[in-house]
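Novice: Supplied structure: upload-v5.cif, mmCIF, C-alpha atoms.
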```cif
data_data
loop_
_atom_site.label_atom_id
_atom_site.label_comp_id
_atom_site.auth_asym_id
_atom_site.auth_seq_id
_atom_site.Cartn_x
_atom_site.Cartn_y
_atom_site.Cartn_z
CA MET A 1 0.00 0.00 0.00
CA ALA A 2 2.82 2.41 0.89
CA GLU A 3 4.54 1.64 -2.42
CA ASP A 4 1.31 2.29 -4.35
CA THR A 5 0.94 5.68 -2.67
CA ALA A 6 4.57 6.54 -3.40
CA GLU A 7 4.25 5.55 -7.05
CA LYS A 8 1.05 7.58 -7.46
CA CYS A 9 2.83 10.59 -5.96
CA PHE A 10 5.58 10.21 -8.56
CA LEU A 11 3.20 9.67 -11.50
CA ASP A 12 1.21 12.74 -10.45
CA TRP A 13 4.47 14.66 -10.40
CA LEU A 14 5.28 13.55 -13.96
CA GLN A 15 1.91 14.88 -15.15
CA ILE A 16 2.51 18.20 -13.40
CA GLN A 17 5.94 18.44 -15.03
CA GLU A 18 4.45 17.83 -18.47
CA ALA A 19 1.81 20.53 -17.89
CA ASP A 20 4.41 22.98 -16.59
CA LEU A 21 6.65 22.23 -19.56
CA ASP A 22 3.83 23.05 -21.99
CA GLU A 23 3.29 26.42 -20.31
CA LEU A 24 7.00 27.21 -20.26
CA LEU A 25 7.39 26.37 -23.96
CA GLN A 26 4.31 28.40 -24.89
CA ALA A 27 5.80 31.41 -23.12
CA LEU A 28 9.11 30.96 -24.96
CA ASP A 29 7.29 30.75 -28.30
CA GLN A 30 5.59 34.11 -27.80
CA ALA A 31 7.05 37.03 -29.71
CA GLU A 32 6.80 39.24 -26.62
CA LYS A 33 7.87 37.79 -23.31
CA PRO A 34 6.96 40.19 -20.48
CA ASP A 35 9.06 39.67 -17.36
CA ASP A 36 5.92 39.62 -15.20
CA LEU A 37 4.54 36.61 -17.11
CA LEU A 38 7.88 34.82 -17.07
CA ASN A 39 8.32 35.42 -13.33
CA GLN A 40 4.85 34.03 -12.64
CA LEU A 41 5.66 30.86 -14.57
CA VAL A 42 8.97 30.46 -12.75
CA GLU A 43 7.32 30.91 -9.34
CA LYS A 44 4.56 28.47 -10.27
CA THR A 45 7.05 25.85 -11.44
CA ILE A 46 9.22 26.18 -8.33
CA SER A 47 6.11 26.00 -6.16
CA HIS A 48 5.09 22.72 -7.81
CA PHE A 49 8.57 21.29 -7.19
CA GLN A 50 8.44 22.32 -3.55
CA GLU A 51 4.99 20.78 -3.12
CA TYR A 52 6.25 17.52 -4.59
CA MET A 53 9.24 17.50 -2.23
CA GLU A 54 6.91 18.01 0.73
CA LYS A 55 4.47 15.31 -0.38
CA ARG A 56 7.08 12.68 -1.00
CA ILE A 57 8.92 13.22 2.28
CA GLU A 58 5.56 12.84 4.04
CA HIS A 59 4.86 9.57 2.20
CA ALA A 60 8.44 8.42 2.82
CA ARG A 61 7.79 8.38 6.56
CA ASP A 62 5.96 5.09 5.98
CA HIS A 63 8.68 3.51 3.84
CA VAL A 64 11.66 5.61 2.84
CA CYS A 65 13.20 2.81 0.74
CA ASP A 66 10.41 3.27 -1.83
CA TYR A 67 12.03 6.58 -2.76
CA LEU A 68 15.69 5.63 -2.49
CA SER A 69 15.34 2.81 -5.02
CA PRO A 70 11.92 3.33 -6.65
CA ALA A 71 10.22 0.30 -8.17
CA TRP A 72 8.52 2.57 -10.72
CA ASN A 73 11.87 3.60 -12.21
CA SER A 74 13.98 1.46 -14.50
CA SER A 75 17.12 -0.08 -13.02
CA LEU A 76 19.21 2.22 -15.21
CA GLU A 77 17.45 5.35 -13.95
CA ASN A 78 17.86 4.22 -10.35
CA SER A 79 21.61 3.94 -10.96
CA LEU A 80 21.60 7.69 -11.71
CA LEU A 81 19.90 8.71 -8.46
CA TRP A 82 21.65 10.47 -5.60
CA ILE A 83 19.82 10.04 -2.27
CA GLY A 84 16.46 9.59 -3.99
CA GLY A 85 16.82 12.27 -6.67
CA CYS A 86 19.22 14.19 -8.87
CA ARG A 87 22.41 15.79 -7.68
CA PRO A 88 21.86 19.54 -7.18
CA SER A 89 25.05 20.21 -9.13
CA ILE A 90 23.35 18.85 -12.26
CA PHE A 91 21.21 22.03 -12.34
CA ILE A 92 24.36 24.10 -12.74
CA ARG A 93 25.95 21.73 -15.24
CA LEU A 94 22.80 22.08 -17.34
CA VAL A 95 23.13 25.88 -17.34
CA TYR A 96 26.76 25.60 -18.48
CA VAL A 97 25.83 23.26 -21.33
CA LEU A 98 22.86 25.34 -22.49
CA SER A 99 24.85 28.56 -22.30
CA GLY A 100 27.72 27.15 -24.36
CA SER A 101 25.39 25.59 -26.92
CA GLN A 102 23.38 28.76 -27.45
CA PHE A 103 26.50 30.90 -27.65
CA GLU A 104 27.99 28.67 -30.35
CA SER A 105 24.77 28.49 -32.39
CA HIS A 106 24.40 32.29 -32.45
CA LEU A 107 28.06 33.24 -32.57
CA SER A 108 27.71 35.37 -35.69
CA GLU A 109 24.96 37.42 -34.01
CA TYR A 110 27.06 37.97 -30.88
CA ILE A 111 29.96 39.18 -33.02
CA ARG A 112 27.62 41.79 -34.53
CA GLY A 113 26.50 42.81 -31.03
CA ILE A 114 23.04 41.22 -31.31
CA LYS A 115 21.83 39.73 -28.03
CA ARG A 116 18.80 37.55 -27.38
CA GLY A 117 18.80 37.73 -23.59
CA ASN A 118 18.85 33.94 -23.29
CA LEU A 119 21.28 31.61 -21.52
CA GLY A 120 23.86 32.28 -24.22
CA ASP A 121 23.96 35.87 -22.97
CA LEU A 122 25.07 35.17 -19.40
CA SER A 123 27.03 38.14 -18.13
CA ALA A 124 30.43 37.95 -16.48
CA THR A 125 28.80 38.74 -13.13
CA GLN A 126 26.31 35.93 -13.59
CA MET A 127 29.05 33.46 -14.53
CA VAL A 128 31.02 34.34 -11.39
CA SER A 129 27.92 33.85 -9.21
CA ILE A 130 27.05 30.56 -10.91
CA ASN A 131 30.61 29.29 -10.51
CA GLU A 132 30.61 30.19 -6.81
CA LEU A 133 27.28 28.39 -6.39
CA HIS A 134 28.69 25.38 -8.24
CA GLN A 135 31.70 25.11 -5.93
CA LYS A 136 29.53 25.49 -2.83
CA THR A 137 27.08 22.90 -4.13
CA ILE A 138 29.81 20.34 -4.77
CA ARG A 139 31.16 20.79 -1.24
CA ASN A 140 27.72 20.30 0.28
CA GLU A 141 27.09 17.24 -1.90
CA GLU A 142 30.30 15.71 -0.61
CA LYS A 143 29.23 16.34 2.99
CA LEU A 144 25.86 14.64 2.47
CA THR A 145 27.47 11.75 0.57
CA SER A 146 29.87 11.23 3.47
CA LYS A 147 26.97 11.34 5.91
CA LEU A 148 25.13 8.70 3.88
CA ALA A 149 28.24 6.51 3.75
CA SER A 150 28.57 6.64 7.56
CA LEU A 151 24.96 5.61 7.97
CA GLN A 152 25.39 2.68 5.57
CA GLU A 153 28.50 1.55 7.42
CA ASN A 154 26.46 1.37 10.62
CA ILE A 155 24.93 -1.88 9.32
CA ALA A 156 28.23 -3.53 10.24
CA ASP A 157 28.06 -2.07 13.74
CA LYS A 158 26.27 -3.15 16.92
CA PRO A 159 23.77 -4.67 17.42
CA ILE A 160 23.09 -5.96 13.89
CA CYS A 161 26.57 -7.33 13.24
CA ILE A 162 26.77 -9.09 16.62
CA ILE A 163 23.32 -10.66 16.32
CA ALA A 164 24.01 -11.82 12.74
CA ASN A 165 27.34 -13.32 13.81
CA GLU A 166 25.64 -15.32 16.56
CA ARG A 167 23.29 -17.04 14.11
CA ARG A 168 24.13 -20.70 13.61
CA GLU A 169 22.83 -20.64 10.03
CA ALA A 170 23.44 -17.90 7.51
CA GLY A 171 20.25 -15.96 6.84
CA ALA A 172 18.33 -17.92 9.43
CA GLY A 173 16.28 -16.60 12.27
CA GLU A 174 13.40 -14.26 12.81
CA ILE A 175 13.75 -10.53 13.31
CA ASN A 176 13.82 -9.97 17.05
CA GLU A 177 12.92 -6.76 18.80
CA GLU A 178 16.49 -5.54 19.03
CA VAL A 179 17.14 -6.04 15.30
CA ASN A 180 13.81 -4.46 14.43
CA ARG A 181 14.70 -1.37 16.49
CA ALA A 182 18.12 -1.15 14.85
CA LEU A 183 16.71 -1.44 11.32
CA GLY A 184 14.00 1.08 12.20
CA SER A 185 16.65 3.49 13.43
CA HIS A 186 18.54 3.01 10.16
CA GLU A 187 15.41 3.85 8.15
CA GLU A 188 14.83 6.96 10.26
CA GLY A 189 18.38 8.04 9.52
CA MET A 190 17.83 7.48 5.80
CA LEU A 191 14.63 9.53 5.96
CA CYS A 192 16.49 12.43 7.58
CA ILE A 193 19.22 12.35 4.95
CA MET A 194 16.70 12.21 2.12
CA GLY A 195 14.91 15.19 3.66
CA GLU A 196 18.21 17.08 3.80
CA ALA A 197 18.94 16.17 0.18
CA ASP A 198 15.50 17.33 -0.96
CA ASN A 199 15.88 20.64 0.87
CA PHE A 200 19.34 20.99 -0.66
CA ARG A 201 17.94 20.37 -4.16
CA LEU A 202 15.23 22.97 -3.67
CA HIS A 203 17.57 25.54 -2.12
CA THR A 204 20.13 25.14 -4.92
CA LEU A 205 17.43 25.49 -7.57
CA LYS A 206 16.12 28.70 -5.98
CA GLU A 207 19.62 30.14 -5.66
CA LEU A 208 20.37 29.42 -9.29
CA ILE A 209 17.07 30.91 -10.47
CA SER A 210 17.83 34.09 -8.50
CA ILE A 211 21.00 34.56 -10.58
CA LEU A 212 19.22 34.17 -13.93
CA SER A 213 17.00 36.67 -15.72
CA PRO A 214 13.29 35.72 -16.06
CA LEU A 215 13.80 34.56 -19.67
CA GLN A 216 16.91 32.58 -18.78
CA ALA A 217 15.10 30.97 -15.84
CA VAL A 218 12.20 29.86 -18.04
CA GLU A 219 14.61 28.41 -20.62
CA PHE A 220 16.51 26.57 -17.90
CA LEU A 221 13.39 25.14 -16.26
CA ALA A 222 11.96 24.00 -19.59
CA SER A 223 15.22 22.26 -20.51
CA GLY A 224 15.46 20.66 -17.09
CA LYS A 225 11.99 19.21 -17.39
CA LYS A 226 12.70 17.96 -20.91
CA LEU A 227 15.83 16.26 -19.61
CA HIS A 228 14.06 14.54 -16.72
CA LEU A 229 11.06 13.38 -18.76
CA CYS A 230 13.21 12.16 -21.64
CA VAL A 231 15.73 10.30 -19.45
CA HIS A 232 12.89 8.65 -17.51
CA GLN A 233 11.32 7.37 -20.73
CA TRP A 234 14.59 6.46 -22.44
CA CYS A 235 15.75 4.41 -19.44
CA LYS A 236 12.43 2.54 -19.26
CA THR A 237 12.62 1.78 -22.97
CA ARG A 238 16.25 0.71 -22.79
CA ASP A 239 15.57 -1.59 -19.84
CA VAL A 240 13.30 -3.78 -21.96
CA MET A 241 15.39 -3.66 -25.15
CA PRO A 242 17.23 -6.89 -25.96
CA ASN A 243 21.01 -6.50 -26.09
CA ALA A 244 20.72 -2.84 -25.10
CA THR A 245 24.36 -2.69 -24.03
CA ASP A 246 25.74 -4.16 -27.27
#
```
Take the structure from the file and write it as structure tokens.
Specialist:
Amino acid sequence: MAEDTAEKCFLDWLQIQEADLDELLQALDQAEKPDDLLNQLVEKTISHFQEYMEKRIEHARDHVCDYLSPAWNSSLENSLLWIGGCRPSIFIRLVYVLSGSQFESHLSEYIRGIKRGNLGDLSATQMVSINELHQKTIRNEEKLTSKLASLQENIADKPICIIANERREAGAGEINEEVNRALGSHEEGMLCIMGEADNFRLHTLKELISILSPLQAVEFLASGKKLHLCVHQWCKTRDVMPNATD
């Protein structure tokens, strides 16, 4: 039942992303792009992401493992996850890639002094701020990764290791109260770390958006949603393809 609720939460989120993506693309297709309209779309999109983070951490209280290795994802997509989601640094990598790609594709216009105001037009001040955010994000990712590693290593600590070692047969025996408490404590620790990671993702996204112009933010959010939706579908398709790794 908990897994069904978790999967529904994720599927609902996919639908919201698709709807948000349509609105973002429609705004980009308009000849005139008022900042007020773009800012409203950005705020709406960020709000939806925050609501999803809040919903899933609430559902995860029942069974956090459903979100750390989701059954509704392909095995390939799960291999890309970092504490139940994407690495916050991927947001910044995406900006770098989009900026470089747009700059190259409109190089002749830039030489003539024509600017579009998109991600290819990032100013020197913006690039410095984004780079500083990138470095800070990587440091914080390393701290959380280390924290996760310590929690995982606790499985080899007392009391689980001692109780397992006392078993006469490998894998035999029922879960006693002490083991149940220890495993429950481990799940609580995983829930806390996932909550920290989700807050970190949201905070990094908001910081990055604050550096971008309204048009740049809309372009970034649209590309991010395309990336997530495409990778999700590609990984599912690839999982069922014969000889996919050949």
Novice: Since I can't run it myself right now, could you work out what the PyMOL selection byres ((chain A and resi 73) around 12) selects here and report it as a ChimeraX atom specification?
Specialist: /A:6-7,10-11,66-72,74-81,84-85,229,231-239
Novice: Tell me which protein, DNA and RNA residues are within 12 Å of Leu227 in chain A, counting all atoms listed in the file, leaving out same-chain ones fewer than 2 positions away, and put them as a PyMOL selection string.
Specialist: chain A and resi 17-18+21+86+90-91+94+98+220-225+229-235
Novice: Do you have the CA of Leu208 in chain A-CA of Thr137 in chain A distance handy?
Specialist: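 Taking CA of Leu208 in chain A and CA of Thr137 in chain A, their separation equals 10.7 Å.
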Novice: So what do you get for CA of Ile209 in chain A versus CA of Lys226 in chain A, distance-wise?
Specialist: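 These two atoms are separated by 17.2 Å.
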Novice: When you count only C-alpha atoms, which of these residues is closest to Leu148 in chain A: A:Lys44, A:Arg61, A:Arg93, A:His186?
Specialist: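 Once distances to Leu148 in chain A are computed over only C-alpha atoms, the minimum belongs to A:His186.
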Novice: Give the centre and edge lengths of an axis-aligned box, in Å to one decimal, that holds all listed atoms of range 82-92 of chain A with 6 Å on each side, as lines of an AutoDock Vina configuration file.
Specialist:
```
center_x = 20.8
center_y = 16.8
center_z = -7.5
size_x = 20.6
size_y = 26.5
size_z = 22.5
```
Novice: Excluding Cys161 in chain A and its own-chain neighbours fewer than 5 positions away, which residues fall within 12 Å of it when counting all atoms listed in the file? Please give them as a ChimeraX atom specification.
Specialist: /A:153-156,166-167,178-179,182-183
Novice: What does the distance from CA of Leu24 in chain A to CA of Leu212 in chain A come to in Å, to one decimal?
Specialist: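 Interatomic distance here is 15.4 Å.
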